[in-house]
Each structure stands twice: as C-alpha cells, then as structure tokens.
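Next comes query.cif, a file with mmCIF, C-alpha atoms (C1' of nucleotides).
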```cif
data_protein
loop_
_atom_site.label_atom_id
_atom_site.label_comp_id
_atom_site.auth_asym_id
_atom_site.auth_seq_id
_atom_site.Cartn_x
_atom_site.Cartn_y
_atom_site.Cartn_z
CA MET A 27 182.50 -18.80 208.88
CA ASP A 28 183.72 -16.05 206.63
CA THR A 29 186.95 -17.29 205.11
CA THR A 30 187.56 -14.35 202.84
CA ARG A 31 188.70 -12.26 205.76
CA ARG A 32 191.73 -14.52 205.87
CA VAL A 33 193.03 -13.30 202.53
CA TYR A 34 195.25 -10.25 202.66
CA THR A 35 197.40 -8.02 200.65
CA VAL A 36 200.44 -7.07 202.68
CA SER A 37 203.88 -5.74 202.20
CA THR A 38 206.60 -8.32 202.70
CA ALA A 39 209.13 -5.54 202.99
CA GLU A 40 206.95 -3.78 205.50
CA ALA A 41 206.84 -6.91 207.62
CA ALA A 42 210.62 -6.98 207.45
CA GLY A 43 210.75 -3.38 208.63
CA VAL A 44 211.37 -1.85 205.23
CA PRO A 45 208.33 -0.06 203.82
CA HIS A 46 208.30 -0.56 200.07
CA TYR A 47 206.26 -2.37 197.46
CA ARG A 48 203.16 -4.42 198.12
CA GLN A 49 202.64 -8.03 197.33
CA GLU A 50 199.92 -10.49 198.03
CA VAL A 51 201.24 -13.07 200.43
CA ALA A 52 198.56 -14.67 202.54
CA LYS A 53 196.10 -17.12 201.12
CA SER A 54 194.05 -18.79 203.78
CA ASN A 55 195.93 -20.33 206.65
CA PRO A 56 194.43 -23.71 207.61
CA LEU A 57 196.36 -23.72 210.88
CA LEU A 58 194.84 -20.47 212.11
CA ASP A 59 191.52 -21.58 213.52
CA PRO A 60 192.67 -24.76 215.26
CA VAL A 61 195.68 -23.02 216.79
CA LEU A 62 193.65 -20.05 218.03
CA GLU A 63 191.01 -22.33 219.49
CA TRP A 64 193.65 -24.44 221.21
CA TYR A 65 195.31 -21.31 222.61
CA ALA A 66 192.05 -19.97 223.98
CA ALA A 67 191.66 -23.14 226.02
CA ASN A 68 195.28 -23.88 226.94
CA ALA A 69 197.26 -20.65 227.25
CA ARG A 70 199.28 -20.27 230.42
CA ASP A 71 198.29 -17.40 232.65
CA LEU A 72 201.53 -15.44 232.50
CA PRO A 73 201.65 -11.96 234.07
CA TRP A 74 203.25 -10.24 231.07
CA ARG A 75 200.30 -11.49 229.02
CA ALA A 76 197.72 -9.82 231.26
CA PRO A 77 195.41 -7.50 229.31
CA GLY A 78 196.78 -4.41 231.04
CA ALA A 79 200.45 -5.32 230.68
CA GLY A 80 202.48 -2.38 229.44
CA ALA A 81 205.23 -2.35 226.87
CA TRP A 82 207.97 -2.05 229.48
CA PRO A 83 206.93 -5.17 231.40
CA ILE A 84 206.66 -6.98 228.08
CA LEU A 85 210.07 -5.82 226.89
CA VAL A 86 211.63 -6.89 230.19
CA SER A 87 209.98 -10.30 229.95
CA GLU A 88 211.17 -10.81 226.39
CA ILE A 89 214.79 -10.05 227.23
CA MET A 90 214.66 -12.25 230.32
CA LEU A 91 213.11 -15.09 228.33
CA GLN A 92 215.92 -15.12 225.78
CA GLN A 93 217.32 -18.65 226.22
CA THR A 94 215.80 -18.88 229.69
CA PRO A 95 212.75 -20.94 230.79
CA VAL A 96 209.57 -19.25 231.98
CA ALA A 97 209.72 -20.85 235.42
CA ARG A 98 213.04 -19.23 236.22
CA VAL A 99 212.05 -15.85 234.79
CA LEU A 100 208.82 -15.43 236.75
CA PRO A 101 210.20 -14.53 240.21
CA VAL A 102 212.92 -12.23 238.85
CA TRP A 103 210.53 -10.45 236.49
CA THR A 104 208.11 -9.88 239.38
CA GLU A 105 210.83 -8.38 241.53
CA TRP A 106 212.02 -6.14 238.70
CA MET A 107 208.53 -4.86 238.01
CA GLU A 108 208.06 -3.90 241.65
CA ARG A 109 211.46 -2.29 241.86
CA TRP A 110 211.60 -0.69 238.42
CA PRO A 111 208.05 -0.23 237.08
CA THR A 112 209.18 2.19 234.39
CA PRO A 113 212.24 2.61 232.16
CA ALA A 114 213.00 5.83 234.04
CA ALA A 115 213.16 3.98 237.35
CA LEU A 116 215.77 1.55 236.05
CA ALA A 117 217.64 4.26 234.17
CA ALA A 118 218.13 6.12 237.45
CA GLU A 119 220.14 3.24 238.88
CA PRO A 120 223.75 2.32 238.20
CA PRO A 121 224.05 -0.62 235.77
CA GLY A 122 225.49 -2.81 238.51
CA GLU A 123 222.13 -2.85 240.26
CA ALA A 124 220.54 -4.43 237.21
CA VAL A 125 223.27 -7.07 237.21
CA ARG A 126 222.85 -7.68 240.94
CA HIS A 127 219.11 -8.19 240.67
CA TRP A 128 219.50 -10.38 237.61
CA GLY A 129 220.30 -13.15 240.04
CA ARG A 130 221.07 -16.45 238.39
CA LEU A 131 219.09 -16.07 235.20
CA GLY A 132 222.22 -16.51 233.15
CA TYR A 133 223.71 -14.44 230.32
CA PRO A 134 224.05 -11.40 232.63
CA ARG A 135 224.93 -9.11 229.74
CA ARG A 136 221.17 -9.08 229.23
CA ALA A 137 220.85 -7.18 232.51
CA LEU A 138 223.28 -4.62 231.14
CA ASN A 139 221.32 -4.53 227.89
CA LEU A 140 218.08 -3.89 229.73
CA HIS A 141 219.68 -1.10 231.71
CA ALA A 142 221.01 0.43 228.49
CA CYS A 143 217.55 0.02 226.97
CA ALA A 144 216.05 1.94 229.87
CA ARG A 145 218.48 4.82 229.45
CA ALA A 146 218.03 4.88 225.68
CA ILE A 147 214.27 4.89 226.06
CA VAL A 148 214.46 7.82 228.48
CA GLU A 149 216.87 9.75 226.28
CA ARG A 150 215.52 8.99 222.83
CA HIS A 151 211.87 8.13 223.37
CA ASP A 152 210.74 10.34 226.21
CA GLY A 153 210.60 7.41 228.59
CA GLU A 154 208.15 5.35 226.53
CA VAL A 155 209.01 2.06 224.87
CA PRO A 156 208.80 2.73 221.12
CA ALA A 157 206.15 0.91 219.09
CA ASP A 158 208.09 1.03 215.85
CA HIS A 159 209.90 -2.13 214.86
CA ALA A 160 212.99 -0.30 213.62
CA ALA A 161 213.21 1.79 216.78
CA LEU A 162 212.93 -1.34 218.90
CA LEU A 163 215.60 -3.07 216.84
CA ALA A 164 217.96 -0.19 217.57
CA LEU A 165 217.80 -0.88 221.31
CA PRO A 166 220.65 -2.87 222.86
CA GLY A 167 219.97 -6.59 223.14
CA VAL A 168 216.87 -6.32 220.96
CA GLY A 169 217.23 -8.39 217.83
CA GLU A 170 214.87 -9.49 215.10
CA TYR A 171 212.80 -11.75 217.32
CA THR A 172 212.46 -9.44 220.32
CA ALA A 173 211.60 -6.40 218.20
CA ALA A 174 208.84 -8.33 216.47
CA ALA A 175 207.59 -9.78 219.75
CA VAL A 176 207.32 -6.42 221.50
CA ALA A 177 205.80 -4.72 218.45
CA SER A 178 203.27 -7.52 218.25
CA PHE A 179 202.43 -8.26 221.89
CA ALA A 180 202.67 -4.76 223.31
CA PHE A 181 201.48 -2.70 220.36
CA ARG A 182 199.32 -5.13 218.42
CA GLY A 183 201.51 -4.82 215.35
CA ARG A 184 201.41 -7.28 212.48
CA HIS A 185 204.80 -9.01 212.41
CA ALA A 186 206.22 -12.43 211.76
CA VAL A 187 207.43 -13.47 215.21
CA LEU A 188 210.00 -16.18 214.63
CA ASP A 189 211.35 -17.70 217.78
CA THR A 190 212.62 -21.22 218.29
CA ASN A 191 209.10 -22.48 219.11
CA VAL A 192 207.50 -21.02 216.02
CA ARG A 193 210.34 -22.19 213.83
CA ARG A 194 209.95 -25.73 215.13
CA VAL A 195 206.16 -25.76 214.70
CA LEU A 196 206.41 -24.49 211.14
CA ALA A 197 209.27 -26.85 210.31
CA ARG A 198 207.12 -29.77 211.36
CA ALA A 199 203.60 -28.77 210.42
CA VAL A 200 204.45 -27.18 207.07
CA SER A 201 207.89 -28.33 205.96
CA GLY A 202 207.70 -31.86 207.30
CA GLU A 203 211.04 -31.61 209.08
CA GLN A 204 211.67 -32.58 212.68
CA TYR A 205 213.79 -29.51 213.36
CA PRO A 206 214.28 -26.14 211.69
CA PRO A 207 217.67 -25.12 210.27
CA LYS A 208 220.30 -24.00 212.78
CA ALA A 209 219.99 -20.37 211.74
CA THR A 210 216.84 -18.62 210.57
CA THR A 211 216.60 -18.64 206.79
CA ALA A 212 214.92 -16.36 204.28
CA ALA A 213 212.60 -19.23 203.43
CA GLU A 214 211.45 -19.46 207.02
CA ARG A 215 210.75 -15.73 207.15
CA ALA A 216 208.82 -15.92 203.91
CA LEU A 217 206.79 -18.83 205.20
CA ALA A 218 206.01 -17.05 208.47
CA VAL A 219 204.91 -13.94 206.58
CA SER A 220 202.74 -16.00 204.27
CA LEU A 221 200.88 -17.46 207.25
CA LEU A 222 200.25 -14.12 208.92
CA PRO A 223 196.57 -13.38 209.44
CA GLY A 224 195.11 -9.90 209.32
CA PRO A 225 195.85 -7.12 211.75
CA GLU A 226 193.17 -8.15 214.21
CA GLU A 227 194.48 -11.68 214.67
CA ALA A 228 198.20 -11.37 213.95
CA PRO A 229 199.27 -10.78 217.57
CA VAL A 230 197.26 -13.66 219.01
CA TRP A 231 198.37 -15.92 216.16
CA ALA A 232 202.00 -15.13 217.02
CA VAL A 233 201.66 -15.87 220.72
CA ALA A 234 199.47 -18.91 220.07
CA VAL A 235 201.98 -20.62 217.78
CA MET A 236 204.73 -19.89 220.26
CA GLU A 237 202.66 -21.40 223.05
CA LEU A 238 201.90 -24.47 220.97
CA GLY A 239 205.60 -24.99 220.41
CA ALA A 240 206.36 -24.48 224.09
CA LEU A 241 203.69 -26.81 225.46
CA VAL A 242 202.85 -29.37 222.78
CA CYS A 243 205.20 -29.32 219.80
CA THR A 244 208.26 -29.57 222.02
CA ALA A 245 211.77 -30.30 220.83
CA ARG A 246 212.34 -33.61 222.56
CA ALA A 247 209.03 -35.41 222.98
CA PRO A 248 206.19 -33.72 221.12
CA ARG A 249 202.69 -34.43 222.43
CA CYS A 250 201.15 -35.05 219.04
CA ALA A 251 198.08 -36.64 220.63
CA GLU A 252 197.22 -33.25 222.15
CA CYS A 253 198.09 -31.20 219.09
CA PRO A 254 195.30 -29.23 217.41
CA ILE A 255 197.00 -29.43 214.02
CA SER A 256 198.21 -33.03 214.06
CA ALA A 257 195.80 -33.83 211.26
CA GLU A 258 197.55 -31.31 209.00
CA CYS A 259 201.09 -31.82 210.29
CA ALA A 260 203.39 -32.66 207.38
CA TRP A 261 206.01 -34.20 209.64
CA ARG A 262 203.55 -36.50 211.41
CA LEU A 263 201.89 -37.39 208.11
CA ALA A 264 205.29 -38.37 206.74
CA GLY A 265 205.80 -40.78 209.63
CA LYS A 266 207.94 -38.43 211.76
CA PRO A 267 211.20 -38.95 209.86
CA ALA A 268 214.25 -38.33 212.07
CA TYR A 269 216.30 -35.20 211.64
CA ASP A 270 218.95 -35.92 209.04
CA GLY A 271 220.95 -32.72 209.07
CA PRO A 272 224.33 -32.20 210.71
CA ALA A 273 224.56 -33.04 214.41
CA ARG A 274 223.82 -30.08 216.63
CA ARG A 275 226.89 -29.53 218.72
CA GLY A 276 226.76 -30.20 222.42
CA GLN A 277 227.95 -27.62 224.86
CA THR A 278 230.10 -29.01 227.67
CA TYR A 279 230.09 -26.33 230.31
CA ASP A 280 232.39 -27.60 233.03
CA GLY A 281 235.76 -25.91 232.93
CA THR A 282 234.83 -23.27 230.40
CA ASP A 283 235.45 -19.55 230.60
CA ARG A 284 231.70 -19.20 230.87
CA GLN A 285 231.59 -21.20 234.06
CA CYS A 286 234.52 -19.24 235.40
CA ARG A 287 232.86 -15.91 234.60
CA GLY A 288 229.71 -17.12 236.30
CA ARG A 289 231.60 -17.93 239.49
CA LEU A 290 233.42 -14.61 239.53
CA LEU A 291 230.31 -12.58 238.88
CA ALA A 292 228.41 -14.45 241.59
CA VAL A 293 230.99 -13.19 244.09
CA LEU A 294 230.52 -9.60 242.95
CA ARG A 295 226.72 -9.87 242.99
CA GLN A 296 226.63 -11.15 246.53
CA ALA A 297 229.15 -8.67 247.90
CA HIS A 298 227.89 -5.39 249.28
CA GLY A 299 230.63 -3.15 247.97
CA ALA A 300 233.99 -3.75 246.34
CA VAL A 301 235.76 -7.04 247.00
CA PRO A 302 239.50 -7.73 247.26
CA LYS A 303 240.91 -9.73 244.41
CA ALA A 304 241.71 -12.55 246.83
CA ALA A 305 237.97 -13.15 247.20
CA LEU A 306 237.80 -13.79 243.46
CA ASP A 307 240.95 -15.87 243.31
CA VAL A 308 239.51 -18.53 245.60
CA VAL A 309 236.60 -19.44 243.32
CA TRP A 310 238.71 -20.67 240.38
CA GLU A 311 241.87 -22.73 240.44
CA ASP A 312 243.45 -21.96 237.08
CA ALA A 313 244.98 -18.50 237.39
CA VAL A 314 245.49 -17.95 233.68
CA GLN A 315 241.89 -18.75 232.86
CA ARG A 316 240.69 -16.78 235.87
CA GLU A 317 242.53 -13.64 234.79
CA ARG A 318 241.25 -13.98 231.27
CA ALA A 319 237.68 -14.37 232.49
CA LEU A 320 237.97 -11.44 234.87
CA ASP A 321 239.38 -9.22 232.14
CA GLY A 322 236.51 -10.32 229.98
CA LEU A 323 233.96 -9.32 232.59
CA VAL A 324 235.60 -5.90 232.92
CA SER A 325 235.76 -5.30 229.18
CA ASP A 326 232.14 -6.39 228.88
CA GLY A 327 231.15 -3.81 231.45
CA LEU A 328 229.95 -6.42 233.94
CA ALA A 329 232.67 -5.59 236.47
CA GLU A 330 234.91 -2.69 237.46
CA VAL A 331 238.42 -2.49 238.86
CA LEU A 332 239.06 0.27 241.35
CA ASP A 333 242.36 2.09 241.88
CA ASP A 334 243.12 0.00 244.95
CA GLY A 335 242.82 -3.22 242.93
CA THR A 336 239.42 -4.24 244.29
CA TYR A 337 236.50 -5.25 242.09
CA ARG A 338 232.80 -4.48 242.07
CA LEU A 339 229.71 -4.38 239.88
CA PRO A 340 229.67 -1.32 237.58
CA ALA A 341 228.58 1.91 239.25
"C1'" DC B 170 228.87 -17.06 209.99
"C1'" DA B 171 230.40 -20.04 213.61
"C1'" DG B 172 231.25 -19.34 218.26
"C1'" DA B 173 230.76 -16.94 222.68
"C1'" DC B 174 227.75 -16.06 226.14
"C1'" DG B 175 225.06 -18.80 232.12
"C1'" DT B 176 222.25 -21.67 234.42
"C1'" DG B 177 219.41 -25.40 235.93
"C1'" DG B 178 215.79 -28.74 234.99
"C1'" DG B 179 213.89 -32.59 232.13
"C1'" DT B 180 214.75 -37.15 230.16
"C1'" DT C 140 224.89 -39.99 234.57
"C1'" DA C 141 225.36 -37.34 230.56
"C1'" DC C 142 223.26 -34.74 227.30
"C1'" DC C 143 219.76 -31.77 225.58
"C1'" DC C 144 217.87 -27.42 225.44
"C1'" DA C 145 215.20 -23.03 226.97
"C1'" DA C 146 210.60 -16.57 224.03
"C1'" DG C 147 218.45 -14.93 221.07
"C1'" DT C 148 221.93 -11.42 220.20
"C1'" DC C 149 226.29 -9.86 218.95
"C1'" DT C 150 230.79 -10.11 216.79
#
```
Take the structure in the file and give it back as structure tokens.
Amino acid sequence: MDTTRRVYTVSTAEAAGVPHYRQEVAKSNPLLDPVLEWYAANARDLPWRAPGAGAWPILVSEIMLQQTPVARVLPVWTEWMERWPTPAALAAEPPGEAVRHWGRLGYPRRALNLHACARAIVERHDGEVPADHAALLALPGVGEYTAAAVASFAFRGRHAVLDTNVRRVLARAVSGEQYPPKATTAAERALAVSLLPGPEEAPVWAVAVMELGALVCTARAPRCAECPISAECAWRLAGKPAYDGPARRGQTYDGTDRQCRGRLLAVLRQAHGAVPKAALDVVWEDAVQRERALDGLVSDGLAEVLDDGTYRLPA
DNA sequence: CAGACGTGGGT
DNA sequence: TACCCAAGTCT
C-alpha cells in the first residue's frame, strides 16, 4: 500500500476556519486503515448517511442528535423530512410548528434554532445550506462541532470533527486517558488536526471515528475485544487506568426548572390552540417555580402570552 | 467558564 | 433504585 499519500501539508488555521499560513501537520496516521476497514464492515445504516442525503437532511440530523440518542431521533427526523424537505418549507411555517413536531426529543430550543436556521438559509443563502464552515457557524444552534460535521459529511470538506465520541476515542487510543477533559482543549484540536487524512478520506475518517466511539469505544463499558485499534490503544496498553480527574457532576432532574419547563411545554405542544393559564397551573405544584419557568419559556421564544392571558406555542 | 438547557434508556 | 450519559450550544 502506498503510505506516502497519508502525508500532507495543510493549514491548521484553515482547518480552524481561519485561512492563513501553512504548516505540515499530518505524518502517517496508524489508526486510519484499521478504523476505515472496521467502519466499512460495521457502520449503521442511518438514513442521513445515505449516498444521496442532502445538506438539509444532514443539518437537521446533526441538530437533533445534539445530546440525543440516534434511536430517539430517527422517527422525528423521518417525519420532519417528509413534512419539511427543504429549508424553505420549514421557513414558511411559524416557529411553534417546529416546536410542536419536535415531540419529546428534549432541549426544544433546538427546534427554534432549526426554524431560525431555515429562515436564515432562505434569506442569506438563497435557500441552500452553505458549504462554508464560517457560514455554517453563523447559523443559530450551529457550533464548532455541528459546523465541522455538516461541512464534512454534506460537502466532503476536510475538517477536524470533534464530538464526544471522537474525543473519547482519541483520549484513550492516543493520550492513554479513560476520558477526555470536560471541555474541548486546544491540545485536542491540534491532535485531531494532526490525524486528519487527505481530502479524499477526511470525511469518512471523521464519521468512522465517531461510529467507533458510539458502538465500541463507549463511555461506560468499552468493547475492547471488538476494537480495531486495541493493539495500538494507549489506554488499554497502560492497563486501563481509571479516570483520575475531578468527579463529573451528576444532574438530578426531579424538581428542577428544567423538568417544570418540560411539563409546561408539553401542555402547549399537545393543545390545538391557546390554552388558559389554569391548564398550565395544574401540571406543577410550586407556583413560584412555575411562574419562573413559564416566564423563561416566553423569554426564550418557546411560548407566547396572548392579550387574554392564554398561552400558546409561538406563531 | 461553569451552569442552564429535556428526556428516556442502559447498567 | 439511582446514576450515568447521549453526534452540544449559548451565556
């Protein structure tokens, strides 16, 4: 096999979205071949990965997948794609419809973000999802990860795609740590860039490492016996030392404003039109917390108060 | 930059 | 049963 094709001169700044000087970053990546081979045999058959998948379906999937498992996204994504096959179709609806059809995916502000994305794409990009990383980053709800993912998966761009799966795989395989740092560091970005293959393979490398993290190199119980890079894995070679950093804080959801907001919004989603405040009052005992949560929903644009004191999803 | 922001399934 | 955590982003 020709190994020289795995040596590149690339711009680190360019990969970070800032075109500037050039620097040699990638030597050969020993993880590339085993990971690509594993992916070819084990990739899940997800609809947004279909060869003909457009940038809009991919963007929608990426936003829906933020902090949400694939299994729960699938049915909602399918419904959205039938209902709103283009940004223009979604942009023509009131934002409340996006929230209604978000269902119980969680973090409903993402529905609002997607709706705002659709309108921005229609207004600023002639209805087409932009291919440029910086333009993607400027869209609401699109951060560093999502911009890189869409630029890579939809437009075949060469970007370091650093999600929680990739960060975990690299932390283990390369850094010898059980878990990556809590927040993405410059060192992690530099490492990801240094492992980037050439333009032909960069997109499949990105999705393949993600898939490996999702299916094999999992957070809780990694399946090292099935891992294509276990022989090179620094963490396994070191005897799988336990994570020694600060404890990652637990969440505790019961009784929080988040739970309260979820209950209130569920009422609005299920209602046909506006609902009397009494219908909201019954879903949460604590009136002070309930009012605070309701105000929060309104100020976040997830709910509207009408002149008669009733509430509804934003029109 | 730590904390807010939903929800449900796996262990 | 609790607790962990899942393709993050924004403030």
Can you spell out as a PyMOL selection string the set of residues that the PyMOL selection byres ((chain A) within 10 of (chain C)) selects in the structure I just provided?
chain A and resi 87-96+136+166-172+175+187-192+233+236-237+240+245-246+274+276-278
Write out as CSV the residues of chain B that have any atom within 10 Å of an atom of range 282-286 of chain A, one row each with the nearest atom pair and its distance in Å to one decimal, counting only C-alpha atoms (C1' of nucleotides), sorted by chain and then rising number.
```
residue,atom,partner,partner_atom,distance
B:DA173,C1',A:Arg284,CA,8.5
B:DC174,C1',A:Arg284,CA,6.9
B:DG175,C1',A:Arg284,CA,6.8
B:DT176,C1',A:Gln285,CA,9.4
```
Separation of CA of Cys143 in chain A from CA of Ala124 in chain A in Å:
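It comes out at 11.6 Å.
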Translate the PyMOL selection byres ((chain A and resi 232) around 12) into a concrete residue list for this structure, as a count of residues only.
46
Expected selection from the PyMOL selection byres ((chain A) within 8 of (chain B)), given as a list in words
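Taken over the shown coordinates, the PyMOL selection byres ((chain A) within 8 of (chain B)) returns Arg130, Leu131, Gly132, Tyr133, Pro134, Arg284, Gln285 and Gly288 of chain A.
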Put those residues in a file: C-alpha atoms, as a short mmCIF file (atom, residue, chain, number, x, y, z; two decimals), in the coordinates of the input.
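Okay, out08.cif is ready:
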```cif
data_model
loop_
_atom_site.label_atom_id
_atom_site.label_comp_id
_atom_site.auth_asym_id
_atom_site.auth_seq_id
_atom_site.Cartn_x
_atom_site.Cartn_y
_atom_site.Cartn_z
CA ARG A 130 221.07 -16.45 238.39
CA LEU A 131 219.09 -16.07 235.20
CA GLY A 132 222.22 -16.51 233.15
CA TYR A 133 223.71 -14.44 230.32
CA PRO A 134 224.05 -11.40 232.63
CA ARG A 284 231.70 -19.20 230.87
CA GLN A 285 231.59 -21.20 234.06
CA GLY A 288 229.71 -17.12 236.30
#
```
Work out how far apart CA of Thr210 in chain A and CA of Glu63 in chain A are and give it in Å to one decimal.
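Straight-line distance from CA of Thr210 in chain A to CA of Glu63 in chain A works out to 27.6 Å.
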For CA of Val148 in chain A and CA of Pro113 in chain A, quote the distance in Å rounded to one decimal.
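If I compute the distance from CA of Val148 in chain A to CA of Pro113 in chain A, I get 6.8 Å.
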Counting only C-alpha atoms (C1' of nucleotides), what is within 12 Å of Asp152 in chain A, bar same-chain residues fewer than 6 positions away, as a PyMOL selection string?
chain A and resi 112-114+144-146
Taking C-alpha atoms for each residue, export the selection above as a PDB file, in the coordinates of the input.
```pdb
ATOM      1  CA  THR A 112     209.180   2.190 234.390  1.00  0.00           C
ATOM      2  CA  PRO A 113     212.240   2.610 232.160  1.00  0.00           C
ATOM      3  CA  ALA A 114     213.000   5.830 234.040  1.00  0.00           C
ATOM      4  CA  ALA A 144     216.050   1.940 229.870  1.00  0.00           C
ATOM      5  CA  ARG A 145     218.480   4.820 229.450  1.00  0.00           C
ATOM      6  CA  ALA A 146     218.030   4.880 225.680  1.00  0.00           C
TER       7      ALA A 146
END
```
